[in-house]
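Asker: Input file: entry-v4.cif. Contents: mmCIF, C-alpha atoms.
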```cif
data_coords
loop_
_atom_site.label_atom_id
_atom_site.label_comp_id
_atom_site.auth_asym_id
_atom_site.auth_seq_id
_atom_site.Cartn_x
_atom_site.Cartn_y
_atom_site.Cartn_z
CA MET A 1 0.00 0.00 0.00
CA LEU A 2 1.13 3.53 -0.64
CA LYS A 3 2.46 5.49 2.24
CA ALA A 4 1.11 9.01 2.40
CA ASN A 5 3.58 11.83 2.31
CA LYS A 6 3.24 15.55 1.77
CA SER A 7 3.65 15.48 -1.98
CA MET A 8 1.02 12.80 -2.29
CA ILE A 9 -1.39 14.77 -0.18
CA ARG A 10 -0.74 17.75 -2.40
CA GLN A 11 -1.33 15.62 -5.44
CA PHE A 12 -4.53 14.38 -3.90
CA ILE A 13 -5.75 17.90 -3.23
CA LEU A 14 -4.83 18.96 -6.74
CA PHE A 15 -6.65 15.99 -8.09
CA ASN A 16 -9.79 16.87 -6.22
CA THR A 17 -9.66 20.39 -7.55
CA PHE A 18 -9.23 18.97 -10.99
CA VAL A 19 -12.22 16.68 -10.58
CA THR A 20 -14.38 19.64 -9.66
CA LEU A 21 -13.27 21.34 -12.81
CA ILE A 22 -14.23 18.33 -14.79
CA PHE A 23 -17.55 18.38 -13.11
CA VAL A 24 -18.13 21.89 -14.31
CA SER A 25 -16.44 21.94 -17.66
CA GLY A 26 -17.05 18.35 -18.68
CA CYS A 27 -13.50 17.85 -19.91
CA SER A 28 -11.32 14.82 -19.47
CA VAL A 29 -10.04 12.92 -16.48
CA GLN A 30 -7.16 10.49 -16.40
CA PRO A 31 -7.94 7.07 -14.93
CA GLU A 32 -4.57 6.65 -13.24
CA ASN A 33 -5.31 9.77 -11.22
CA ILE A 34 -8.59 8.32 -10.12
CA ILE A 35 -6.90 5.06 -9.29
CA ASN A 36 -4.17 6.82 -7.35
CA SER A 37 -6.64 8.88 -5.44
CA LEU A 38 -8.74 5.86 -4.64
CA GLU A 39 -5.69 4.05 -3.38
CA GLN A 40 -4.63 7.02 -1.36
CA ASN A 41 -8.12 7.43 -0.06
CA LYS A 42 -7.77 4.11 1.66
CA THR A 43 -4.68 5.19 3.55
CA LEU A 44 -5.36 8.86 4.21
CA GLU A 45 -7.51 10.43 6.84
CA PRO A 46 -10.31 12.48 5.33
CA ILE A 47 -9.02 15.90 4.36
CA ALA A 48 -11.04 19.08 4.34
CA ILE A 49 -10.50 20.65 0.94
CA GLU A 50 -11.38 24.09 -0.17
CA ILE A 51 -12.09 24.15 -3.85
CA THR A 52 -10.80 27.19 -5.66
CA PRO A 53 -12.11 27.49 -9.16
CA LEU A 54 -9.27 27.66 -11.63
CA GLU A 55 -9.15 29.36 -14.96
CA PRO A 56 -10.84 27.19 -17.57
CA LEU A 57 -8.35 25.05 -19.42
CA LYS A 58 -7.49 26.47 -22.82
CA PRO A 59 -7.74 24.89 -25.24
CA MET A 60 -10.14 22.18 -24.11
CA PRO A 61 -8.44 18.81 -24.28
CA PRO A 62 -10.19 16.30 -26.55
CA ALA A 63 -12.88 14.13 -24.96
CA GLN A 64 -11.49 11.05 -23.29
CA VAL A 65 -13.07 7.64 -23.38
CA HIS A 66 -12.00 4.86 -21.05
CA ALA A 67 -12.73 1.25 -21.80
CA ILE A 68 -12.21 -1.59 -19.36
CA LEU A 69 -12.64 -5.28 -20.12
CA LEU A 70 -14.19 -7.38 -17.34
CA PRO A 71 -14.32 -11.17 -17.05
CA GLN A 72 -17.65 -12.78 -17.93
CA GLU A 73 -19.73 -14.55 -15.30
CA ASP A 74 -18.31 -17.92 -16.38
CA GLY A 75 -14.80 -16.57 -15.79
CA LYS A 76 -13.95 -16.41 -19.48
CA VAL A 77 -12.63 -13.18 -20.91
CA GLY A 78 -13.91 -11.85 -24.22
CA LYS A 79 -12.29 -9.29 -26.47
CA LEU A 80 -13.00 -5.63 -26.85
CA LEU A 81 -11.79 -3.79 -29.91
CA VAL A 82 -11.33 -0.09 -29.24
CA ALA A 83 -10.95 2.07 -32.33
CA ASP A 84 -10.28 5.79 -32.35
CA ASP A 85 -9.21 8.14 -35.06
CA GLY A 86 -7.88 5.47 -37.41
CA GLN A 87 -6.05 3.59 -34.65
CA GLU A 88 -7.27 0.53 -32.86
CA THR A 89 -6.33 -1.80 -30.06
CA MET A 90 -7.69 -5.07 -28.70
CA LEU A 91 -8.33 -5.60 -24.99
CA ASP A 92 -8.20 -9.31 -24.22
CA GLN A 93 -7.27 -9.64 -20.54
CA ALA A 94 -9.44 -9.34 -17.46
CA TRP A 95 -9.46 -5.85 -15.90
CA GLN A 96 -7.43 -4.46 -18.77
CA GLY A 97 -8.19 -0.89 -19.67
CA VAL A 98 -7.23 1.77 -22.14
CA GLU A 99 -8.04 5.39 -22.79
CA THR A 100 -8.47 6.85 -26.21
CA LYS A 101 -5.75 9.46 -25.99
CA ASN A 102 -3.19 6.69 -25.78
CA LEU A 103 -4.32 3.43 -27.28
CA ASP A 104 -0.82 1.96 -27.01
CA ASP A 105 -0.86 2.21 -23.24
CA LYS A 106 -3.01 -0.69 -22.07
CA GLN A 107 -3.00 -1.28 -18.32
CA ILE A 108 -4.23 -4.00 -16.01
CA PHE A 109 -6.24 -2.46 -13.17
CA SER A 110 -6.93 -3.92 -9.79
CA GLU A 111 -10.35 -5.58 -9.62
CA ASP A 112 -11.07 -3.98 -6.23
CA ILE A 113 -10.38 -0.51 -7.51
CA ILE A 114 -12.55 -0.88 -10.60
CA ARG A 115 -15.33 -2.40 -8.50
CA ALA A 116 -15.09 0.51 -6.07
CA LYS A 117 -15.01 3.18 -8.74
CA TYR A 118 -17.93 1.72 -10.73
CA ARG A 119 -19.87 0.24 -7.82
CA GLU A 120 -23.17 1.97 -8.64
CA LEU A 121 -22.93 1.05 -12.30
CA LEU A 122 -22.12 -2.58 -11.54
CA ASP A 123 -24.85 -2.85 -8.87
CA ASN A 124 -27.40 -1.54 -11.36
CA MET A 125 -26.73 -4.26 -13.95
CA PRO A 126 -29.81 -6.46 -14.43
CA LYS A 127 -29.29 -10.09 -13.47
CA LYS A 128 -28.88 -12.67 -16.18
CA PRO A 129 -32.35 -13.83 -17.25
CA ASN A 130 -33.33 -17.46 -16.67
CA SER A 131 -33.56 -19.53 -19.83
CA TYR A 132 -35.40 -22.83 -20.27
CA THR A 133 -35.85 -25.33 -23.07
CA LEU A 134 -38.87 -27.59 -23.62
CA TYR A 135 -38.46 -30.61 -25.91
CA TYR A 136 -41.12 -32.16 -28.15
CA GLN A 137 -42.28 -35.44 -29.65
CA TYR A 138 -41.69 -35.70 -33.40
CA ASP A 139 -44.18 -33.71 -35.52
CA SER A 140 -46.15 -32.79 -32.43
CA ILE A 141 -46.96 -29.95 -30.08
CA ASP A 142 -46.81 -32.37 -27.13
CA ILE A 143 -43.79 -31.89 -24.90
CA THR A 144 -41.70 -34.81 -23.63
CA LYS A 145 -42.30 -36.18 -20.13
CA ASP A 146 -39.14 -34.56 -18.74
CA SER A 147 -40.21 -31.21 -20.11
CA ASN A 148 -43.37 -31.29 -17.99
CA ASP A 149 -41.19 -30.58 -14.96
CA THR A 150 -39.47 -27.74 -16.81
CA LEU A 151 -42.83 -26.22 -17.66
CA ALA A 152 -43.83 -26.28 -13.99
CA GLU A 153 -40.47 -24.71 -13.11
CA ILE A 154 -41.00 -21.89 -15.64
CA LEU A 155 -44.42 -21.08 -14.22
CA ASN A 156 -43.02 -21.07 -10.72
CA ASP A 157 -40.15 -18.79 -11.76
CA ILE A 158 -42.49 -16.28 -13.41
CA LYS A 159 -44.84 -16.22 -10.46
CA SER A 160 -42.16 -15.97 -7.79
CA HIS A 161 -40.22 -12.98 -9.24
CA PRO A 162 -41.32 -9.69 -10.74
CA THR A 163 -41.28 -10.55 -14.47
CA PHE A 164 -41.38 -7.95 -17.23
CA ARG A 165 -40.87 -9.98 -20.36
CA ILE A 166 -41.18 -13.63 -21.41
CA ASN A 167 -39.58 -14.47 -24.76
CA ILE A 168 -40.85 -17.68 -26.32
CA ILE A 169 -39.11 -19.05 -29.42
CA GLY A 170 -40.37 -22.12 -31.27
CA HIS A 171 -38.13 -24.49 -33.26
CA THR A 172 -38.36 -27.81 -35.10
CA ASP A 173 -35.89 -30.38 -36.34
CA ARG A 174 -35.21 -30.80 -40.07
CA GLY A 175 -37.58 -33.71 -40.57
CA GLY A 176 -40.47 -32.62 -42.81
CA LYS A 177 -40.84 -29.66 -45.12
CA ASN A 178 -39.48 -26.22 -44.37
CA ILE A 179 -42.80 -24.38 -44.62
CA TYR A 180 -44.60 -27.02 -42.57
CA ASN A 181 -41.92 -26.67 -39.90
CA ASP A 182 -42.40 -22.90 -39.73
CA THR A 183 -46.03 -23.46 -38.82
CA LEU A 184 -45.18 -26.28 -36.43
CA SER A 185 -42.65 -24.13 -34.57
CA MET A 186 -45.23 -21.34 -34.35
CA LYS A 187 -47.81 -23.75 -32.93
CA ARG A 188 -45.31 -24.98 -30.34
CA ALA A 189 -44.47 -21.44 -29.25
CA ASN A 190 -48.13 -20.50 -29.19
CA GLN A 191 -49.06 -23.54 -27.14
CA VAL A 192 -46.53 -22.55 -24.45
CA ALA A 193 -47.86 -18.99 -24.47
CA GLN A 194 -51.40 -20.35 -24.15
CA PHE A 195 -50.36 -22.53 -21.22
CA LEU A 196 -48.90 -19.50 -19.44
CA THR A 197 -51.94 -17.30 -20.02
CA ASP A 198 -54.21 -20.15 -18.92
CA ASN A 199 -52.20 -20.04 -15.71
CA GLU A 200 -52.88 -16.36 -15.15
CA ILE A 201 -49.72 -14.96 -16.70
CA ASP A 202 -50.39 -11.57 -18.30
CA GLU A 203 -50.29 -11.99 -22.08
CA GLN A 204 -48.78 -8.50 -22.41
CA LEU A 205 -45.53 -9.91 -21.01
CA ILE A 206 -45.18 -12.48 -23.77
CA VAL A 207 -43.18 -12.02 -26.98
CA LEU A 208 -43.36 -14.86 -29.50
CA ASP A 209 -40.93 -15.82 -32.23
CA TYR A 210 -40.64 -18.95 -34.33
CA TYR A 211 -37.77 -20.01 -36.55
CA GLY A 212 -38.93 -23.36 -37.95
CA GLU A 213 -35.93 -25.57 -38.73
CA GLU A 214 -33.56 -22.61 -39.29
CA GLN A 215 -31.82 -22.62 -35.91
CA PRO A 216 -30.95 -26.19 -34.93
CA ILE A 217 -28.96 -26.81 -31.74
CA ILE A 218 -27.37 -29.79 -33.48
CA PRO A 219 -26.76 -29.15 -37.18
CA THR A 220 -28.07 -31.99 -39.35
CA GLU A 221 -28.76 -32.74 -42.98
CA ASP A 222 -32.20 -31.75 -44.23
CA GLY A 223 -34.84 -34.38 -43.49
CA VAL A 224 -33.12 -35.62 -40.32
CA LYS A 225 -35.15 -35.94 -37.13
CA ASN A 226 -33.40 -34.81 -33.95
CA GLU A 227 -34.84 -34.73 -30.44
CA PHE A 228 -32.67 -31.80 -29.31
CA ASN A 229 -33.73 -29.58 -32.19
CA ARG A 230 -37.47 -30.03 -31.55
CA ARG A 231 -37.79 -27.40 -28.87
CA VAL A 232 -39.19 -24.17 -27.51
CA GLU A 233 -36.84 -21.77 -25.74
CA ILE A 234 -38.26 -19.60 -23.00
CA THR A 235 -36.41 -16.67 -21.42
CA VAL A 236 -37.84 -15.01 -18.34
CA LYS A 237 -36.75 -11.38 -17.92
CA MET B 1 -58.34 -28.89 -39.48
CA LYS B 2 -59.12 -25.58 -41.12
CA PHE B 3 -60.98 -24.50 -38.02
CA PHE B 4 -58.04 -25.54 -35.88
CA THR B 5 -55.60 -23.44 -37.93
CA LEU B 6 -57.91 -20.47 -37.76
CA LEU B 7 -58.15 -20.85 -34.01
CA ILE B 8 -54.37 -20.80 -33.69
CA PHE B 9 -54.12 -17.60 -35.70
CA VAL B 10 -56.84 -15.88 -33.76
CA SER B 11 -55.41 -16.79 -30.40
CA ILE B 12 -51.84 -16.00 -31.40
CA SER B 13 -52.71 -12.50 -32.50
CA SER B 14 -53.00 -11.29 -28.93
CA PHE B 15 -49.32 -11.97 -28.23
CA ILE B 16 -46.68 -9.50 -29.32
CA PHE B 17 -44.50 -10.18 -32.34
CA ALA B 18 -42.51 -7.17 -31.39
CA ASP B 19 -39.73 -5.07 -32.79
CA GLU B 20 -38.94 -4.12 -29.23
CA ALA B 21 -35.20 -3.83 -28.70
CA ALA B 22 -35.04 -3.99 -24.93
CA ILE B 23 -36.94 -3.53 -21.70
CA VAL B 24 -36.01 -1.47 -18.66
CA LYS B 25 -35.19 -3.91 -15.90
CA THR B 26 -33.58 -1.67 -13.25
CA TYR B 27 -34.21 2.01 -12.67
CA LYS B 28 -33.07 4.54 -10.10
CA GLY B 29 -33.51 8.32 -9.82
CA GLN B 30 -34.54 10.61 -12.66
CA ALA B 31 -34.13 9.49 -16.26
CA HIS B 32 -35.97 10.28 -19.46
CA LEU B 33 -36.68 8.45 -22.63
CA LEU B 34 -36.60 10.54 -25.79
CA ARG B 35 -38.68 9.12 -28.62
CA GLU B 36 -39.46 11.06 -31.80
CA GLY B 37 -38.82 14.36 -30.03
CA LYS B 38 -41.06 13.54 -27.08
CA GLU B 39 -40.07 12.87 -23.50
CA ILE B 40 -41.53 9.69 -22.14
CA PRO B 41 -41.31 8.72 -18.46
CA ILE B 42 -39.27 5.63 -17.69
CA GLU B 43 -40.29 2.91 -15.31
CA ILE B 44 -39.31 -0.69 -14.81
CA GLY B 45 -40.79 -2.68 -17.68
CA THR B 46 -40.78 0.23 -20.19
CA GLN B 47 -40.26 -0.99 -23.75
CA ILE B 48 -37.27 0.45 -25.59
CA PHE B 49 -37.17 0.62 -29.39
CA GLU B 50 -34.62 1.38 -32.07
CA LYS B 51 -33.92 5.17 -32.23
CA ASP B 52 -34.81 5.72 -28.57
CA THR B 53 -32.46 7.83 -26.42
CA ILE B 54 -32.10 7.39 -22.68
CA ARG B 55 -30.86 10.36 -20.69
CA THR B 56 -29.97 9.96 -17.02
CA GLU B 57 -29.59 12.74 -14.46
CA ALA B 58 -27.21 12.81 -11.50
CA HIS B 59 -27.60 9.69 -9.32
CA SER B 60 -29.87 8.10 -11.89
CA LEU B 61 -29.19 4.72 -13.50
CA VAL B 62 -31.07 2.56 -15.98
CA GLY B 63 -30.56 -1.16 -16.60
CA LEU B 64 -31.67 -2.75 -19.88
CA ILE B 65 -32.11 -6.31 -21.12
CA PHE B 66 -32.16 -6.57 -24.88
CA LYS B 67 -34.06 -9.11 -26.93
CA ASP B 68 -30.85 -11.06 -27.57
CA ASN B 69 -30.14 -11.06 -23.78
CA THR B 70 -27.43 -8.40 -24.00
CA ARG B 71 -27.53 -6.51 -20.70
CA MET B 72 -26.51 -2.90 -20.16
CA SER B 73 -26.22 -0.72 -17.10
CA ILE B 74 -26.30 2.99 -17.97
CA GLY B 75 -24.63 5.21 -15.41
CA GLN B 76 -25.57 8.63 -14.13
CA LYS B 77 -25.37 11.75 -16.34
CA SER B 78 -25.33 9.65 -19.46
CA GLU B 79 -26.88 9.89 -22.85
CA PHE B 80 -27.36 6.65 -24.71
CA THR B 81 -29.05 6.06 -28.08
CA ILE B 82 -29.99 2.81 -29.76
CA GLU B 83 -29.25 3.75 -33.36
CA GLU B 84 -29.97 0.35 -34.88
CA TYR B 85 -31.27 -2.83 -33.34
CA GLU B 86 -32.49 -5.89 -35.10
CA PHE B 87 -32.39 -9.40 -33.78
CA ASN B 88 -34.17 -12.03 -35.80
CA LEU B 89 -32.31 -15.30 -36.11
CA GLY B 90 -34.83 -16.60 -38.65
CA GLU B 91 -33.99 -13.86 -41.12
CA LYS B 92 -30.33 -13.86 -40.10
CA LYS B 93 -30.40 -10.09 -39.90
CA GLU B 94 -28.66 -8.70 -36.86
CA ARG B 95 -27.85 -5.09 -36.24
CA PHE B 96 -26.71 -3.55 -32.99
CA THR B 97 -25.37 0.00 -33.15
CA THR B 98 -25.53 2.13 -30.04
CA ASN B 99 -24.10 5.50 -29.12
CA LEU B 100 -22.98 6.61 -25.67
CA SER B 101 -22.52 10.32 -26.31
CA LYS B 102 -21.70 10.95 -22.65
CA GLY B 103 -21.47 9.17 -19.34
CA SER B 104 -20.74 5.56 -18.52
CA LEU B 105 -22.02 2.14 -19.41
CA GLU B 106 -21.42 -1.46 -18.45
CA CYS B 107 -22.29 -4.11 -20.98
CA VAL B 108 -22.59 -7.89 -20.87
CA THR B 109 -23.10 -9.01 -24.43
CA GLY B 110 -25.71 -11.59 -25.40
CA LEU B 111 -26.58 -13.76 -28.37
CA ILE B 112 -25.68 -11.22 -31.04
CA SER B 113 -22.08 -11.33 -29.90
CA LYS B 114 -22.12 -15.09 -30.48
CA VAL B 115 -23.95 -15.33 -33.79
CA ASN B 116 -22.75 -12.14 -35.44
CA PRO B 117 -20.18 -10.19 -33.36
CA GLU B 118 -19.19 -7.92 -36.25
CA THR B 119 -22.57 -6.21 -36.13
CA PHE B 120 -22.10 -4.97 -32.58
CA LYS B 121 -20.87 -1.41 -32.44
CA LEU B 122 -20.83 0.95 -29.48
CA LYS B 123 -19.93 4.48 -30.51
CA THR B 124 -18.72 7.16 -28.13
CA LYS B 125 -17.70 10.77 -28.63
CA THR B 126 -14.41 9.69 -30.11
CA ALA B 127 -13.95 5.95 -30.07
CA THR B 128 -15.89 2.95 -31.34
CA MET B 129 -16.03 -0.37 -29.48
CA GLY B 130 -16.39 -3.71 -31.18
CA ILE B 131 -16.73 -7.00 -29.37
CA ARG B 132 -15.97 -10.69 -29.33
CA GLY B 133 -18.09 -12.19 -26.51
CA THR B 134 -17.57 -9.66 -23.83
CA HIS B 135 -18.22 -7.89 -20.56
CA PHE B 136 -16.91 -4.33 -20.36
CA ILE B 137 -17.23 -0.80 -19.02
CA VAL B 138 -17.01 2.34 -21.13
CA GLU B 139 -16.82 5.81 -19.67
CA SER B 140 -16.91 8.98 -21.71
CA GLU B 141 -16.02 12.29 -20.14
#
```
Take the structure I supplied and represent it as structure tokens, if you would.
Answerer:
Amino acid sequence: MLKANKSMIRQFILFNTFVTLIFVSGCSVQPENIINSLEQNKTLEPIAIEITPLEPLKPMPPAQVHAILLPQEDGKVGKLLVADDGQETMLDQAWQGVETKNLDDKQIFSEDIIRAKYRELLDNMPKKPNSYTLYYQYDSIDITKDSNDTLAEILNDIKSHPTFRINIIGHTDRGGKNIYNDTLSMKRANQVAQFLTDNEIDEQLIVLDYYGEEQPIIPTEDGVKNEFNRRVEITVK
Amino acid sequence: MKFFTLLIFVSISSFIFADEAAIVKTYKGQAHLLREGKEIPIEIGTQIFEKDTIRTEAHSLVGLIFKDNTRMSIGQKSEFTIEEYEFNLGEKKERFTTNLSKGSLECVTGLISKVNPETFKLKTKTATMGIRGTHFIVESE
């Protein structure tokens, strides 16, 4: 941890003055300063600071954009391509960040510091919606026995949490004709929607889609029956 | 059989086959939705469409879930526009262009980033973000 000394305190005070300026003028802030101040904040006693407005900065520095890559919920890390003014850079490590004024200078930030700085933003993120899949008999709108339990689970989920949207998407396998399968997938989706409304779920919450045989889970040749592709996907939001 | 088909169509018509891009799932403080020049109040459950702009005041945040399950948390003092959004796997047409003209945003990408990541674009005042299956924060000052 950083040990506070006079110059750091001065830097901290300067930084706070600077932040106020930003507040007013809407110009840029450097993330390392925020990071430093956050780190120092942990070790310093609270300081009373008098803010003296400074002369506006002339000319205004260009707008700054900071981008930070976070790990996904499954722990994997995606990639974020940041492009600015003809230049670009790829973020591909957890907690890696960059600002647009210097795309060559990628940094790894501490998770704690990013979580502290963006706590409100992170807390506000909606939770991942629950997704379910119902499976069907061949050429039928009857679900399999196992899927009966899933259907009960879906109903329970919707009723036990405030729900604002239910997406229902019907699919078929590639057995049978394309056009026929479009209709079959629509009937499957509709039957699930009907089941929900019969169980007192508000129909206004429901959005239906159907893709026929276009979106198989397991790719097959045309004409091939597949139990995993005959399905309806339900997402509760 | 004809009667049966008719019945299906009649009963299906009451459900939405929507172009809705997202819904508001979390909401705090004072935020506005700008649609075709009009200000519309935001509440949890509000539908968000292509071309809508969300503007948050101080201490106000809005959380969205898109149709493709992309999730976004929009921070305070932000302005965020959905320029293009289309998610229809059947037609294989995906478009996802958004613009954060100020403020901050956290994004957990959804199905679009898996089926067609090239279509995802988040513009800011200066930079543009593209993705490959991602969770990130962008802040524009």
Asker: Point out the residue among A:Asn124, A:Thr150, A:Gln87, A:Gln107 with the least atom-to-atom distance to chain B, counting only C-alpha atoms.
Answerer: A:Asn124
Asker: Got a sec to resolve the PyMOL selection byres ((chain B) within 7 of (chain A)) on this structure and send the residues as a PDB file with C-alpha atoms, in the coordinates of the input?
Answerer:
```pdb
ATOM      1  CA  ILE B  12     -51.840 -16.000 -31.400  1.00  0.00           C
ATOM      2  CA  PHE B  15     -49.320 -11.970 -28.230  1.00  0.00           C
ATOM      3  CA  ILE B  16     -46.680  -9.500 -29.320  1.00  0.00           C
ATOM      4  CA  PHE B  17     -44.500 -10.180 -32.340  1.00  0.00           C
ATOM      5  CA  ALA B  18     -42.510  -7.170 -31.390  1.00  0.00           C
ATOM      6  CA  LYS B  25     -35.190  -3.910 -15.900  1.00  0.00           C
ATOM      7  CA  THR B  26     -33.580  -1.670 -13.250  1.00  0.00           C
ATOM      8  CA  GLY B  45     -40.790  -2.680 -17.680  1.00  0.00           C
ATOM      9  CA  LEU B  61     -29.190   4.720 -13.500  1.00  0.00           C
ATOM     10  CA  GLY B  63     -30.560  -1.160 -16.600  1.00  0.00           C
ATOM     11  CA  LEU B  64     -31.670  -2.750 -19.880  1.00  0.00           C
ATOM     12  CA  ARG B  71     -27.530  -6.510 -20.700  1.00  0.00           C
ATOM     13  CA  MET B  72     -26.510  -2.900 -20.160  1.00  0.00           C
ATOM     14  CA  SER B  73     -26.220  -0.720 -17.100  1.00  0.00           C
ATOM     15  CA  ILE B  74     -26.300   2.990 -17.970  1.00  0.00           C
ATOM     16  CA  GLY B  75     -24.630   5.210 -15.410  1.00  0.00           C
ATOM     17  CA  GLY B  90     -34.830 -16.600 -38.650  1.00  0.00           C
ATOM     18  CA  GLU B 106     -21.420  -1.460 -18.450  1.00  0.00           C
ATOM     19  CA  LYS B 125     -17.700  10.770 -28.630  1.00  0.00           C
ATOM     20  CA  THR B 126     -14.410   9.690 -30.110  1.00  0.00           C
ATOM     21  CA  ALA B 127     -13.950   5.950 -30.070  1.00  0.00           C
ATOM     22  CA  THR B 128     -15.890   2.950 -31.340  1.00  0.00           C
ATOM     23  CA  MET B 129     -16.030  -0.370 -29.480  1.00  0.00           C
ATOM     24  CA  GLY B 130     -16.390  -3.710 -31.180  1.00  0.00           C
ATOM     25  CA  ILE B 131     -16.730  -7.000 -29.370  1.00  0.00           C
ATOM     26  CA  ARG B 132     -15.970 -10.690 -29.330  1.00  0.00           C
ATOM     27  CA  GLY B 133     -18.090 -12.190 -26.510  1.00  0.00           C
ATOM     28  CA  THR B 134     -17.570  -9.660 -23.830  1.00  0.00           C
ATOM     29  CA  HIS B 135     -18.220  -7.890 -20.560  1.00  0.00           C
ATOM     30  CA  PHE B 136     -16.910  -4.330 -20.360  1.00  0.00           C
ATOM     31  CA  ILE B 137     -17.230  -0.800 -19.020  1.00  0.00           C
ATOM     32  CA  VAL B 138     -17.010   2.340 -21.130  1.00  0.00           C
ATOM     33  CA  GLU B 139     -16.820   5.810 -19.670  1.00  0.00           C
ATOM     34  CA  SER B 140     -16.910   8.980 -21.710  1.00  0.00           C
ATOM     35  CA  GLU B 141     -16.020  12.290 -20.140  1.00  0.00           C
TER      36      GLU B 141
END
```
Asker: Using the chain letters and numbering of this document, enumerate as JSON, numbers by chain the residues selected by the PyMOL selection byres ((chain B and resi 21) around 9).
Answerer: {"B": [18, 19, 20, 22, 23, 47, 48, 49, 50, 65, 66, 67, 68, 82, 85, 86, 87]}
Asker: Those residues with C-alpha atoms, as a PDB file, in the frame of the given file please?
Answerer:
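As a result, result10.pdb now contains:
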```
ATOM      1  CA  ALA B  18     -42.510  -7.170 -31.390  1.00  0.00           C
ATOM      2  CA  ASP B  19     -39.730  -5.070 -32.790  1.00  0.00           C
ATOM      3  CA  GLU B  20     -38.940  -4.120 -29.230  1.00  0.00           C
ATOM      4  CA  ALA B  22     -35.040  -3.990 -24.930  1.00  0.00           C
ATOM      5  CA  ILE B  23     -36.940  -3.530 -21.700  1.00  0.00           C
ATOM      6  CA  GLN B  47     -40.260  -0.990 -23.750  1.00  0.00           C
ATOM      7  CA  ILE B  48     -37.270   0.450 -25.590  1.00  0.00           C
ATOM      8  CA  PHE B  49     -37.170   0.620 -29.390  1.00  0.00           C
ATOM      9  CA  GLU B  50     -34.620   1.380 -32.070  1.00  0.00           C
ATOM     10  CA  ILE B  65     -32.110  -6.310 -21.120  1.00  0.00           C
ATOM     11  CA  PHE B  66     -32.160  -6.570 -24.880  1.00  0.00           C
ATOM     12  CA  LYS B  67     -34.060  -9.110 -26.930  1.00  0.00           C
ATOM     13  CA  ASP B  68     -30.850 -11.060 -27.570  1.00  0.00           C
ATOM     14  CA  ILE B  82     -29.990   2.810 -29.760  1.00  0.00           C
ATOM     15  CA  TYR B  85     -31.270  -2.830 -33.340  1.00  0.00           C
ATOM     16  CA  GLU B  86     -32.490  -5.890 -35.100  1.00  0.00           C
ATOM     17  CA  PHE B  87     -32.390  -9.400 -33.780  1.00  0.00           C
TER      18      PHE B  87
END
```
Asker: Quick one: residues within 7 Å of Thr172 (chain A), all atoms listed in the file counted, chain neighbours fewer than 6 positions away excluded, as a list in words?
Answerer: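 Residues meeting the cut-off are Asn181, Ser185, Gly212, Glu213, Asn229, Arg230 and Arg231 of chain A.
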Asker: Quick check, in Å to one decimal: how far apart do CA of Ile154 (chain A) and CA of Leu134 (chain A) lie?
Answerer: 10.0 Å
Asker: Show me the residues around (-27.3, -12.3, -35.7) - criterion: an atom at most 10 Å away, only C-alpha atoms counted - as a PDB file with C-alpha atoms, keeping the file's coordinate frame.
Answerer:
```pdb
ATOM      1  CA  ASP B  68     -30.850 -11.060 -27.570  1.00  0.00           C
ATOM      2  CA  GLU B  86     -32.490  -5.890 -35.100  1.00  0.00           C
ATOM      3  CA  PHE B  87     -32.390  -9.400 -33.780  1.00  0.00           C
ATOM      4  CA  ASN B  88     -34.170 -12.030 -35.800  1.00  0.00           C
ATOM      5  CA  LEU B  89     -32.310 -15.300 -36.110  1.00  0.00           C
ATOM      6  CA  GLY B  90     -34.830 -16.600 -38.650  1.00  0.00           C
ATOM      7  CA  GLU B  91     -33.990 -13.860 -41.120  1.00  0.00           C
ATOM      8  CA  LYS B  92     -30.330 -13.860 -40.100  1.00  0.00           C
ATOM      9  CA  LYS B  93     -30.400 -10.090 -39.900  1.00  0.00           C
ATOM     10  CA  GLU B  94     -28.660  -8.700 -36.860  1.00  0.00           C
ATOM     11  CA  ARG B  95     -27.850  -5.090 -36.240  1.00  0.00           C
ATOM     12  CA  PHE B  96     -26.710  -3.550 -32.990  1.00  0.00           C
ATOM     13  CA  LEU B 111     -26.580 -13.760 -28.370  1.00  0.00           C
ATOM     14  CA  ILE B 112     -25.680 -11.220 -31.040  1.00  0.00           C
ATOM     15  CA  SER B 113     -22.080 -11.330 -29.900  1.00  0.00           C
ATOM     16  CA  LYS B 114     -22.120 -15.090 -30.480  1.00  0.00           C
ATOM     17  CA  VAL B 115     -23.950 -15.330 -33.790  1.00  0.00           C
ATOM     18  CA  ASN B 116     -22.750 -12.140 -35.440  1.00  0.00           C
ATOM     19  CA  PRO B 117     -20.180 -10.190 -33.360  1.00  0.00           C
ATOM     20  CA  GLU B 118     -19.190  -7.920 -36.250  1.00  0.00           C
ATOM     21  CA  THR B 119     -22.570  -6.210 -36.130  1.00  0.00           C
ATOM     22  CA  PHE B 120     -22.100  -4.970 -32.580  1.00  0.00           C
TER      23      PHE B 120
END
```
Asker: Could you tell me how far CA of Leu34 (chain B) lies from CA of Thr53 (chain B), in Å and to one decimal?
Answerer: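 Value for the CA of Leu34 (chain B)-CA of Thr53 (chain B) distance: 5.0 Å.
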Asker: Quick one: of B:His32, B:Thr97, B:Asn69, B:Lys121, who's nearest to Lys51 (chain B), counting all atoms listed in the file?
Answerer: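 Ranked by minimum distance to Lys51 (chain B), first place goes to B:Thr97.
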Asker: Which residues, written as a list in words, have at least one atom at most 9 Å from Ser140 (chain A), with all atoms listed in the file counted and residues fewer than 3 positions away on the same chain left out?
Answerer: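 Here the qualifying residues turn out to be Tyr136, Gln137, Ile143, Leu184 and Arg188 of chain A.
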